[in-house]
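Below is one structure; the comments refer to it alone.
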Amino acid sequence: MNKYLLNGIYSILALIILSAFAFKVFQPIQVLPRMQLSPAFALTDQNNERLTSEDLRGQFVLYNFTYTNCPTPCYNMNDTILEVQSRLDEVELDGIDVSFVTISIDPEHDTPEVLNSYAKTIGADTEAWKFATTTNKALLKTIIGSGFETYYEDKGNGDFAFDPAFILVDGWGIVRAEYRYSTEVTHADRILRHLGVIAEEVRNSTGSGKLAYEAAHLFLCYAP
Amino acid sequence: MRHKELKMKIKITLSILAIVAGLAAGFYFFRPHTFHGTVIQSPEPAYDFTLASTKGDVSLSDYRGKLVLIYFGYTFCPDICPATLANVGQSLRELGEKADDVQLIMVSLDPERDTPEKLADYVGHFHPSFVGVTGTQDELDTVASLYGIFYEKAEGTDNTGYLINHTATLLVIDREGYLKLVFPFGVTVPEIADDLKYMLRQ
């Protein structure tokens with residue numbers, strides 16, 4: 001009796017540990033970490049209209065930070081956004097909107113008019129891609145530097161040093177991914193895959209699915 | 001011989017039943033806690049603000065070791081602020097003695113009208129332990145932005161004066177100072193109490 005009971009308990013324990021291990025290794029569900037809160041802001045966009053963090057709630061938003069006077073060769077961030085935007089139909093988004101927000105780190109030069117013509121030059125679809133900034137430089141530094149944890153520095157005479165990062169924020173205003181260093185896979189490929197991952201989580205993490213998704217977060221089953 | 005076999009079968013069946021019952025009970029008691037709020041896996045501590053209260057400057061880090069709830073609002077707030085603060089007050093009463101390890105800080109986004117005295121009086125109505133803080137516009141802009149709280153002045157009526165529209169989330173900082181949970185507006189007393197109880201056991 002004892003022997004059977006003990007064997008039974010051992011095998012069930014082993015099964016539980018094995019399945020937890022398998023969950024971690026095979027990652028049937030992949031998620032993106034909920035890294036931190038995205039900062040709140042009220043900026044002015046290329047049409048001289050207000051753009052706030054609340055306007056973007058409920059959408060997936062890809063942020064980047066640059067300045068229009070960036071001398072060539074500048075980091076080529078626009079091509080990545082153009083590619084993501086043109087390939088969005090490859091991703092199952094279930095009707096969740098994807099927006100792109102380029103925040104200028106040079107509000108003195110990048111007035112709404114300048115941003116507007118910049119958007120036209122690169123052929124941006126400004127329905128979904130906003131160019132914005134604020135003349136409150138201290139607050140801008142708080143939003144980008146502390147909020148998005150992205151470095152930039154005014155070098156004087158109109159030049160800036162900055163980190164060419166992309167930040168992906170979900171509909172709850174939570175930062176889900178950062179793209180700071182080029183990998184073998186292009187940023188556009190990873191961003192598109194990640195949009196699919198967070199859309200799938202919205203779709204499936206209800207009811208008992210929520211438990212599975214929380215387990216995936218707990219086991220750090222992060223999508224590469 | 002047949003008798004022995006039957007006995008063995010019964011034993012095996014009983015063992016299996018016992019294991020299944022044990023597992024079910026074990027799963028019930030040890031199942032992972034499902035948070036009602038959204039869990040954030042912040043890699044670094046939450047922004048350590050210092051703002052003014054009637055008892056002098058208050059910093060988030062003063063409460064390291066306790067769970068800290070942060071709520072942004074203002075005392076003229078007609079509806080959502082009192083509802084949320086009342087829910088937190090009720091949750092703390094349900095926690096009993098354990099509530100000593102929980103601190104709510106209300107950050108007023110209305111420095112023009114909310115003096116520290118007015119704030120202290122206001123938050124005291126909801127729970128005696130609540131602390132109200134405020135600061136200059138610049139200080140508040142920074143704190144609010146870094147906690148994902150958008151706010152703006154809006155027109156009110158003659159009775160209310162101006163209103164302040166603001167993000168109405170309730171934030172929970174863990175004992176080590178990391179932002180752990182975000183509750184949406186409308187979170188209920190049992191939901192708050194359940195998540196806090198779990199975090200207090202950690």
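The chains in the structure tokens are called A, B, ... from first to last as shown; in each chain the residues are counted from 1, and the ligands are counted from 1 in the order shown.
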Item to check | Who sits within 12 Å of B:Val143, only C-alpha atoms, same chain under 6 positions skipped, as a PyMOL selection string | outcome: (chain A and resi 39-41+139+142-143+146-147) or (chain B and resi 46-51+59-60+70-72+107-109+133-137+149-151)
Could you build a table of the residues in chain B lying no more than 10 Å from chain A, giving for each the nearest pair of atoms and their separation in Å rounded to one decimal place, using only C-alpha atoms, ordered by chain and ascending residue number, as CSV?
```
residue,atom,partner,partner_atom,distance
B:Met8,CA,A:Met1,CA,8.5
B:Lys11,CA,A:Met1,CA,6.7
B:Ile12,CA,A:Tyr4,CA,7.3
B:Leu14,CA,A:Leu5,CA,9.5
B:Ser15,CA,A:Leu5,CA,5.9
B:Ile16,CA,A:Gly8,CA,7.6
B:Ala18,CA,A:Leu5,CA,8.8
B:Ile19,CA,A:Ile9,CA,7.0
B:Val20,CA,A:Ile12,CA,9.7
B:Gly22,CA,A:Ile9,CA,9.6
B:Leu23,CA,A:Ile12,CA,8.9
B:Pro32,CA,A:Ala215,CA,8.5
B:His33,CA,A:Leu211,CA,9.3
B:Thr34,CA,A:Leu211,CA,7.0
B:Phe35,CA,A:Glu214,CA,9.0
B:Thr38,CA,A:Arg34,CA,8.8
B:Val39,CA,A:Arg34,CA,7.3
B:Ile40,CA,A:Arg34,CA,5.1
B:Gln41,CA,A:Met35,CA,5.4
B:Ser42,CA,A:Met35,CA,5.1
B:Pro43,CA,A:Met35,CA,6.8
B:Glu44,CA,A:Gln36,CA,8.8
B:Ala46,CA,A:Gln36,CA,9.0
B:Tyr47,CA,A:Ser146,CA,8.9
B:Asp138,CA,A:Leu139,CA,8.2
B:Glu139,CA,A:Leu139,CA,10.0
B:Asp141,CA,A:Leu139,CA,7.5
B:Thr142,CA,A:Thr142,CA,6.5
B:Val143,CA,A:Thr142,CA,9.4
B:Ala144,CA,A:Ala40,CA,7.1
B:Ser145,CA,A:Ala40,CA,4.3
B:Leu146,CA,A:Pro39,CA,4.9
B:Tyr147,CA,A:Pro39,CA,6.4
B:Gly148,CA,A:Ala40,CA,4.5
B:Ile149,CA,A:Ala40,CA,5.4
B:Phe150,CA,A:Ala40,CA,5.0
B:Tyr151,CA,A:Ala40,CA,8.5
B:Glu152,CA,A:Ala42,CA,9.0
B:His166,CA,A:Glu54,CA,9.4
B:Thr167,CA,A:Glu54,CA,8.0
B:Tyr178,CA,A:Gln36,CA,9.9
B:Leu179,CA,A:Gln36,CA,7.9
B:Lys180,CA,A:Gln36,CA,9.3
B:Val182,CA,A:Leu37,CA,9.2
B:Pro184,CA,A:Trp172,CA,9.4
```
Write the selection just made, keeping N, CA and C atoms, as a short mmCIF file (atom, residue, chain, number, x, y, z; two decimals), in the first residue's frame?
```cif
data_model
loop_
_atom_site.label_atom_id
_atom_site.label_comp_id
_atom_site.auth_asym_id
_atom_site.auth_seq_id
_atom_site.Cartn_x
_atom_site.Cartn_y
_atom_site.Cartn_z
N MET B 8 -6.23 -6.24 -3.31
CA MET B 8 -5.20 -5.40 -3.90
C MET B 8 -5.82 -4.35 -4.81
N LYS B 11 -7.27 -1.63 -2.88
CA LYS B 11 -6.21 -0.79 -2.35
C LYS B 11 -5.72 0.20 -3.41
N ILE B 12 -5.48 -0.32 -4.62
CA ILE B 12 -4.97 0.54 -5.69
C ILE B 12 -5.97 1.64 -6.02
N LEU B 14 -8.30 2.85 -4.13
CA LEU B 14 -8.35 3.82 -3.04
C LEU B 14 -7.15 4.77 -3.09
N SER B 15 -5.97 4.20 -3.39
CA SER B 15 -4.78 5.05 -3.44
C SER B 15 -4.92 6.10 -4.52
N ILE B 16 -5.41 5.64 -5.69
CA ILE B 16 -5.54 6.58 -6.80
C ILE B 16 -6.52 7.69 -6.42
N ALA B 18 -7.25 8.73 -3.46
CA ALA B 18 -6.63 9.60 -2.46
C ALA B 18 -5.69 10.59 -3.13
N ILE B 19 -4.93 10.09 -4.11
CA ILE B 19 -3.98 10.97 -4.79
C ILE B 19 -4.71 12.07 -5.56
N VAL B 20 -5.76 11.64 -6.26
CA VAL B 20 -6.53 12.63 -7.04
C VAL B 20 -7.11 13.69 -6.12
N GLY B 22 -6.04 14.49 -3.16
CA GLY B 22 -4.93 15.27 -2.62
C GLY B 22 -4.47 16.31 -3.61
N LEU B 23 -4.36 15.87 -4.88
CA LEU B 23 -3.92 16.79 -5.92
C LEU B 23 -4.90 17.95 -6.09
N PRO B 32 -1.42 29.08 -8.38
CA PRO B 32 -0.79 30.40 -8.42
C PRO B 32 -1.86 31.49 -8.29
N HIS B 33 -1.52 32.53 -7.59
CA HIS B 33 -2.45 33.64 -7.42
C HIS B 33 -2.66 34.34 -8.76
N THR B 34 -3.91 34.50 -9.14
CA THR B 34 -4.18 35.27 -10.36
C THR B 34 -4.53 36.69 -9.93
N PHE B 35 -3.66 37.62 -10.31
CA PHE B 35 -3.87 39.00 -9.91
C PHE B 35 -5.06 39.60 -10.64
N THR B 38 -3.13 44.45 -13.37
CA THR B 38 -2.15 44.05 -14.37
C THR B 38 -0.76 44.04 -13.73
N VAL B 39 -0.08 42.90 -13.85
CA VAL B 39 1.24 42.76 -13.23
C VAL B 39 2.31 43.37 -14.13
N ILE B 40 3.16 44.19 -13.54
CA ILE B 40 4.28 44.78 -14.28
C ILE B 40 5.57 44.16 -13.74
N GLN B 41 6.44 43.73 -14.65
CA GLN B 41 7.72 43.16 -14.19
C GLN B 41 8.81 44.21 -14.34
N SER B 42 8.67 45.31 -13.63
CA SER B 42 9.62 46.41 -13.77
C SER B 42 11.03 45.96 -13.45
N PRO B 43 11.98 46.29 -14.33
CA PRO B 43 13.36 45.91 -14.05
C PRO B 43 14.02 46.85 -13.03
N GLU B 44 13.42 47.99 -12.75
CA GLU B 44 14.03 48.90 -11.79
C GLU B 44 12.97 49.56 -10.92
N ALA B 46 10.44 52.01 -8.90
CA ALA B 46 9.57 53.08 -9.38
C ALA B 46 10.20 54.43 -9.04
N TYR B 47 9.84 55.45 -9.80
CA TYR B 47 10.38 56.79 -9.62
C TYR B 47 10.14 57.27 -8.20
N ASP B 138 5.51 71.89 -11.98
CA ASP B 138 6.61 71.15 -12.62
C ASP B 138 6.84 69.80 -11.96
N GLU B 139 6.82 69.80 -10.63
CA GLU B 139 7.02 68.54 -9.91
C GLU B 139 5.92 67.55 -10.25
N ASP B 141 3.98 67.55 -12.92
CA ASP B 141 4.09 67.12 -14.32
C ASP B 141 5.02 65.92 -14.44
N THR B 142 6.14 66.01 -13.73
CA THR B 142 7.14 64.92 -13.80
C THR B 142 6.59 63.64 -13.18
N VAL B 143 6.09 63.75 -11.95
CA VAL B 143 5.61 62.54 -11.27
C VAL B 143 4.49 61.89 -12.06
N ALA B 144 3.52 62.70 -12.49
CA ALA B 144 2.37 62.15 -13.20
C ALA B 144 2.83 61.46 -14.49
N SER B 145 3.68 62.12 -15.26
CA SER B 145 4.12 61.54 -16.52
C SER B 145 4.79 60.19 -16.28
N LEU B 146 5.67 60.13 -15.28
CA LEU B 146 6.43 58.89 -15.07
C LEU B 146 5.58 57.77 -14.48
N TYR B 147 4.41 58.10 -13.95
CA TYR B 147 3.49 57.05 -13.51
C TYR B 147 2.36 56.84 -14.53
N GLY B 148 2.58 57.36 -15.73
CA GLY B 148 1.61 57.12 -16.81
C GLY B 148 0.29 57.84 -16.62
N ILE B 149 0.30 58.91 -15.82
CA ILE B 149 -0.94 59.63 -15.53
C ILE B 149 -1.02 60.90 -16.36
N PHE B 150 -1.94 60.94 -17.30
CA PHE B 150 -2.19 62.16 -18.06
C PHE B 150 -3.22 62.99 -17.31
N TYR B 151 -3.02 64.32 -17.27
CA TYR B 151 -4.05 65.15 -16.64
C TYR B 151 -4.11 66.50 -17.32
N GLU B 152 -5.28 67.11 -17.28
CA GLU B 152 -5.46 68.42 -17.89
C GLU B 152 -6.65 69.10 -17.22
N HIS B 166 -8.16 63.23 -15.48
CA HIS B 166 -6.89 62.53 -15.22
C HIS B 166 -7.06 61.03 -15.37
N THR B 167 -5.96 60.38 -15.71
CA THR B 167 -5.95 58.93 -15.77
C THR B 167 -6.26 58.40 -14.37
N TYR B 178 9.30 48.49 -6.18
CA TYR B 178 9.04 48.28 -7.60
C TYR B 178 7.55 48.40 -7.89
N LEU B 179 7.22 49.03 -9.00
CA LEU B 179 5.82 49.07 -9.43
C LEU B 179 5.42 47.65 -9.80
N LYS B 180 4.40 47.12 -9.12
CA LYS B 180 4.05 45.72 -9.31
C LYS B 180 2.69 45.56 -9.99
N VAL B 182 -1.07 47.43 -11.60
CA VAL B 182 -1.87 48.57 -12.04
C VAL B 182 -3.33 48.14 -12.03
N PRO B 184 -7.16 49.13 -12.92
CA PRO B 184 -7.93 50.10 -13.70
C PRO B 184 -8.99 50.76 -12.82
#
```
Which of stretch 6-223 of chain A DSSP labels alpha helix (DSSP H), written as a PDB file with C-alpha atoms, in the first residue's frame:
```pdb
ATOM      1  CA  LEU A   6       4.613   6.627  -2.656  1.00  0.00           C
ATOM      2  CA  ASN A   7       5.253   5.607  -6.266  1.00  0.00           C
ATOM      3  CA  GLY A   8       2.029   7.274  -7.282  1.00  0.00           C
ATOM      4  CA  ILE A   9       2.919  10.506  -5.533  1.00  0.00           C
ATOM      5  CA  TYR A  10       6.432  10.465  -6.981  1.00  0.00           C
ATOM      6  CA  SER A  11       5.246   9.933 -10.522  1.00  0.00           C
ATOM      7  CA  ILE A  12       2.636  12.674 -10.246  1.00  0.00           C
ATOM      8  CA  LEU A  13       5.161  15.090  -8.786  1.00  0.00           C
ATOM      9  CA  ALA A  14       7.564  14.190 -11.584  1.00  0.00           C
ATOM     10  CA  LEU A  15       4.774  14.790 -14.089  1.00  0.00           C
ATOM     11  CA  ILE A  16       4.055  18.237 -12.669  1.00  0.00           C
ATOM     12  CA  ILE A  17       7.726  19.229 -12.708  1.00  0.00           C
ATOM     13  CA  LEU A  18       8.142  17.792 -16.208  1.00  0.00           C
ATOM     14  CA  SER A  19       5.158  19.683 -17.564  1.00  0.00           C
ATOM     15  CA  ALA A  20       6.338  22.940 -15.978  1.00  0.00           C
ATOM     16  CA  PHE A  21       9.742  22.281 -17.522  1.00  0.00           C
ATOM     17  CA  ALA A  22       8.155  21.452 -20.891  1.00  0.00           C
ATOM     18  CA  PHE A  23       6.113  24.661 -20.670  1.00  0.00           C
ATOM     19  CA  LYS A  24       9.324  26.600 -20.185  1.00  0.00           C
ATOM     20  CA  VAL A  25      11.266  24.750 -22.904  1.00  0.00           C
ATOM     21  CA  PHE A  26       8.668  24.399 -25.634  1.00  0.00           C
ATOM     22  CA  ASN A  78      12.141  55.943 -41.072  1.00  0.00           C
ATOM     23  CA  ASP A  79      12.619  52.998 -43.432  1.00  0.00           C
ATOM     24  CA  THR A  80      11.899  50.617 -40.569  1.00  0.00           C
ATOM     25  CA  ILE A  81       8.614  52.369 -39.794  1.00  0.00           C
ATOM     26  CA  LEU A  82       7.651  52.544 -43.466  1.00  0.00           C
ATOM     27  CA  GLU A  83       8.327  48.817 -43.789  1.00  0.00           C
ATOM     28  CA  VAL A  84       6.343  47.912 -40.670  1.00  0.00           C
ATOM     29  CA  GLN A  85       3.480  50.103 -41.795  1.00  0.00           C
ATOM     30  CA  SER A  86       3.373  48.589 -45.284  1.00  0.00           C
ATOM     31  CA  PRO A 112       4.868  71.752 -36.403  1.00  0.00           C
ATOM     32  CA  GLU A 113       5.547  73.285 -39.862  1.00  0.00           C
ATOM     33  CA  VAL A 114       9.000  71.704 -40.047  1.00  0.00           C
ATOM     34  CA  LEU A 115       7.640  68.351 -38.872  1.00  0.00           C
ATOM     35  CA  ASN A 116       4.844  68.589 -41.414  1.00  0.00           C
ATOM     36  CA  SER A 117       7.161  69.060 -44.361  1.00  0.00           C
ATOM     37  CA  TYR A 118       9.495  66.384 -42.971  1.00  0.00           C
ATOM     38  CA  ALA A 119       6.571  63.925 -42.902  1.00  0.00           C
ATOM     39  CA  LYS A 120       5.791  64.781 -46.519  1.00  0.00           C
ATOM     40  CA  THR A 121       9.432  64.369 -47.589  1.00  0.00           C
ATOM     41  CA  LYS A 137      12.300  71.030 -22.817  1.00  0.00           C
ATOM     42  CA  ALA A 138      12.490  69.872 -19.201  1.00  0.00           C
ATOM     43  CA  LEU A 139       9.310  67.855 -19.591  1.00  0.00           C
ATOM     44  CA  LEU A 140      10.497  66.476 -22.936  1.00  0.00           C
ATOM     45  CA  LYS A 141      13.642  65.213 -21.208  1.00  0.00           C
ATOM     46  CA  HIS A 187      13.891  45.513 -36.429  1.00  0.00           C
ATOM     47  CA  ALA A 188      10.925  45.497 -38.823  1.00  0.00           C
ATOM     48  CA  ASP A 189      10.693  41.687 -38.757  1.00  0.00           C
ATOM     49  CA  ARG A 190      10.844  41.572 -34.969  1.00  0.00           C
ATOM     50  CA  ILE A 191       8.396  44.447 -34.524  1.00  0.00           C
ATOM     51  CA  LEU A 192       5.873  42.770 -36.837  1.00  0.00           C
ATOM     52  CA  ARG A 193       6.246  39.447 -35.030  1.00  0.00           C
ATOM     53  CA  HIS A 194       5.864  41.161 -31.658  1.00  0.00           C
ATOM     54  CA  LEU A 195       2.719  43.001 -32.759  1.00  0.00           C
ATOM     55  CA  GLY A 196       1.286  39.570 -33.564  1.00  0.00           C
ATOM     56  CA  VAL A 197       2.298  38.248 -30.132  1.00  0.00           C
ATOM     57  CA  ILE A 198       0.614  41.033 -28.152  1.00  0.00           C
ATOM     58  CA  ALA A 199      -2.495  40.952 -30.353  1.00  0.00           C
ATOM     59  CA  GLU A 200      -2.728  37.196 -29.758  1.00  0.00           C
ATOM     60  CA  GLU A 201      -2.494  37.761 -25.999  1.00  0.00           C
ATOM     61  CA  VAL A 202      -5.377  40.246 -26.137  1.00  0.00           C
ATOM     62  CA  ARG A 203      -7.370  37.682 -28.143  1.00  0.00           C
ATOM     63  CA  ASN A 204      -6.647  34.585 -26.047  1.00  0.00           C
ATOM     64  CA  SER A 208      -8.833  29.958 -18.344  1.00  0.00           C
ATOM     65  CA  GLY A 209      -6.601  31.302 -21.094  1.00  0.00           C
ATOM     66  CA  LYS A 210      -5.637  34.078 -18.713  1.00  0.00           C
ATOM     67  CA  LEU A 211      -4.097  31.537 -16.331  1.00  0.00           C
ATOM     68  CA  ALA A 212      -2.003  30.078 -19.137  1.00  0.00           C
ATOM     69  CA  TYR A 213      -0.865  33.538 -20.211  1.00  0.00           C
ATOM     70  CA  GLU A 214       0.015  34.556 -16.655  1.00  0.00           C
ATOM     71  CA  ALA A 215       2.012  31.315 -16.395  1.00  0.00           C
ATOM     72  CA  ALA A 216       3.843  32.288 -19.581  1.00  0.00           C
ATOM     73  CA  HIS A 217       4.688  35.663 -17.982  1.00  0.00           C
ATOM     74  CA  LEU A 218       5.751  33.927 -14.769  1.00  0.00           C
TER      75      LEU A 218
END
```
Checklist outcome for this item: Taken to one decimal, the atom CA of B:Met106-atom CA of B:Val58 distance is 11.2 Å
Next on the checklist: Let's see if you can do this: from backbone DSSP, list all strand (DSSP E) residues in chain B, as an NGL selection string.
Outcome noted: :B and (38-39 or 50-53 or 56-59 or 67-73 or 102-108 or 131-133 or 151-154 or 163-166 or 170-173 or 179-183)
Item to check | Close residues, B:Pro78 itself excluded, 12 Å, only C-alpha atoms, min 6 positions apart in chain, as a ChimeraX atom specification | outcome: /B:84,156-157,159-165
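Atom CA of B:Leu196 is found 28.1 Å from atom CA of B:Lys118.
Non-sequential neighbours of A:Thr135 (distance at most 10 Å, separation of 4 or more positions within a chain, only C-alpha atoms) are A:Leu43, A:Thr44, A:Ile105, A:Asp106, A:Pro107, A:Glu108, A:Asp110, A:Thr111, A:Leu139, A:Leu140.
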Next, dump the selected residues to file, keeping only N, CA and C atoms, as a JSON list (two decimals), in the first residue's frame.
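Dumped to again.json:
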```
[["chain", "number", "residue", "atom", "x", "y", "z"],
["A", 43, "LEU", "N", 1.67, 66.37, -26.30],
["A", 43, "LEU", "CA", 2.61, 66.96, -27.25],
["A", 43, "LEU", "C", 1.82, 67.69, -28.32],
["A", 44, "THR", "N", 2.54, 68.39, -29.21],
["A", 44, "THR", "CA", 1.91, 69.05, -30.34],
["A", 44, "THR", "C", 2.40, 68.36, -31.61],
["A", 105, "ILE", "N", 13.47, 65.45, -30.66],
["A", 105, "ILE", "CA", 14.24, 65.87, -29.48],
["A", 105, "ILE", "C", 14.74, 67.30, -29.64],
["A", 106, "ASP", "N", 14.35, 67.95, -30.76],
["A", 106, "ASP", "CA", 14.84, 69.30, -31.08],
["A", 106, "ASP", "C", 13.65, 70.25, -31.30],
["A", 107, "PRO", "N", 12.90, 70.54, -30.21],
["A", 107, "PRO", "CA", 11.68, 71.34, -30.39],
["A", 107, "PRO", "C", 11.95, 72.76, -30.89],
["A", 108, "GLU", "N", 13.15, 73.27, -30.65],
["A", 108, "GLU", "CA", 13.46, 74.62, -31.08],
["A", 108, "GLU", "C", 13.41, 74.71, -32.60],
["A", 110, "ASP", "N", 12.33, 71.95, -34.66],
["A", 110, "ASP", "CA", 11.24, 71.14, -35.23],
["A", 110, "ASP", "C", 9.87, 71.65, -34.81],
["A", 111, "THR", "N", 9.48, 72.75, -35.39],
["A", 111, "THR", "CA", 8.14, 73.30, -35.18],
["A", 111, "THR", "C", 7.15, 72.41, -35.93],
["A", 139, "LEU", "N", 10.30, 68.94, -19.58],
["A", 139, "LEU", "CA", 9.31, 67.85, -19.59],
["A", 139, "LEU", "C", 9.63, 66.85, -20.70],
["A", 140, "LEU", "N", 10.11, 67.36, -21.83],
["A", 140, "LEU", "CA", 10.50, 66.48, -22.94],
["A", 140, "LEU", "C", 11.59, 65.50, -22.49]]
```
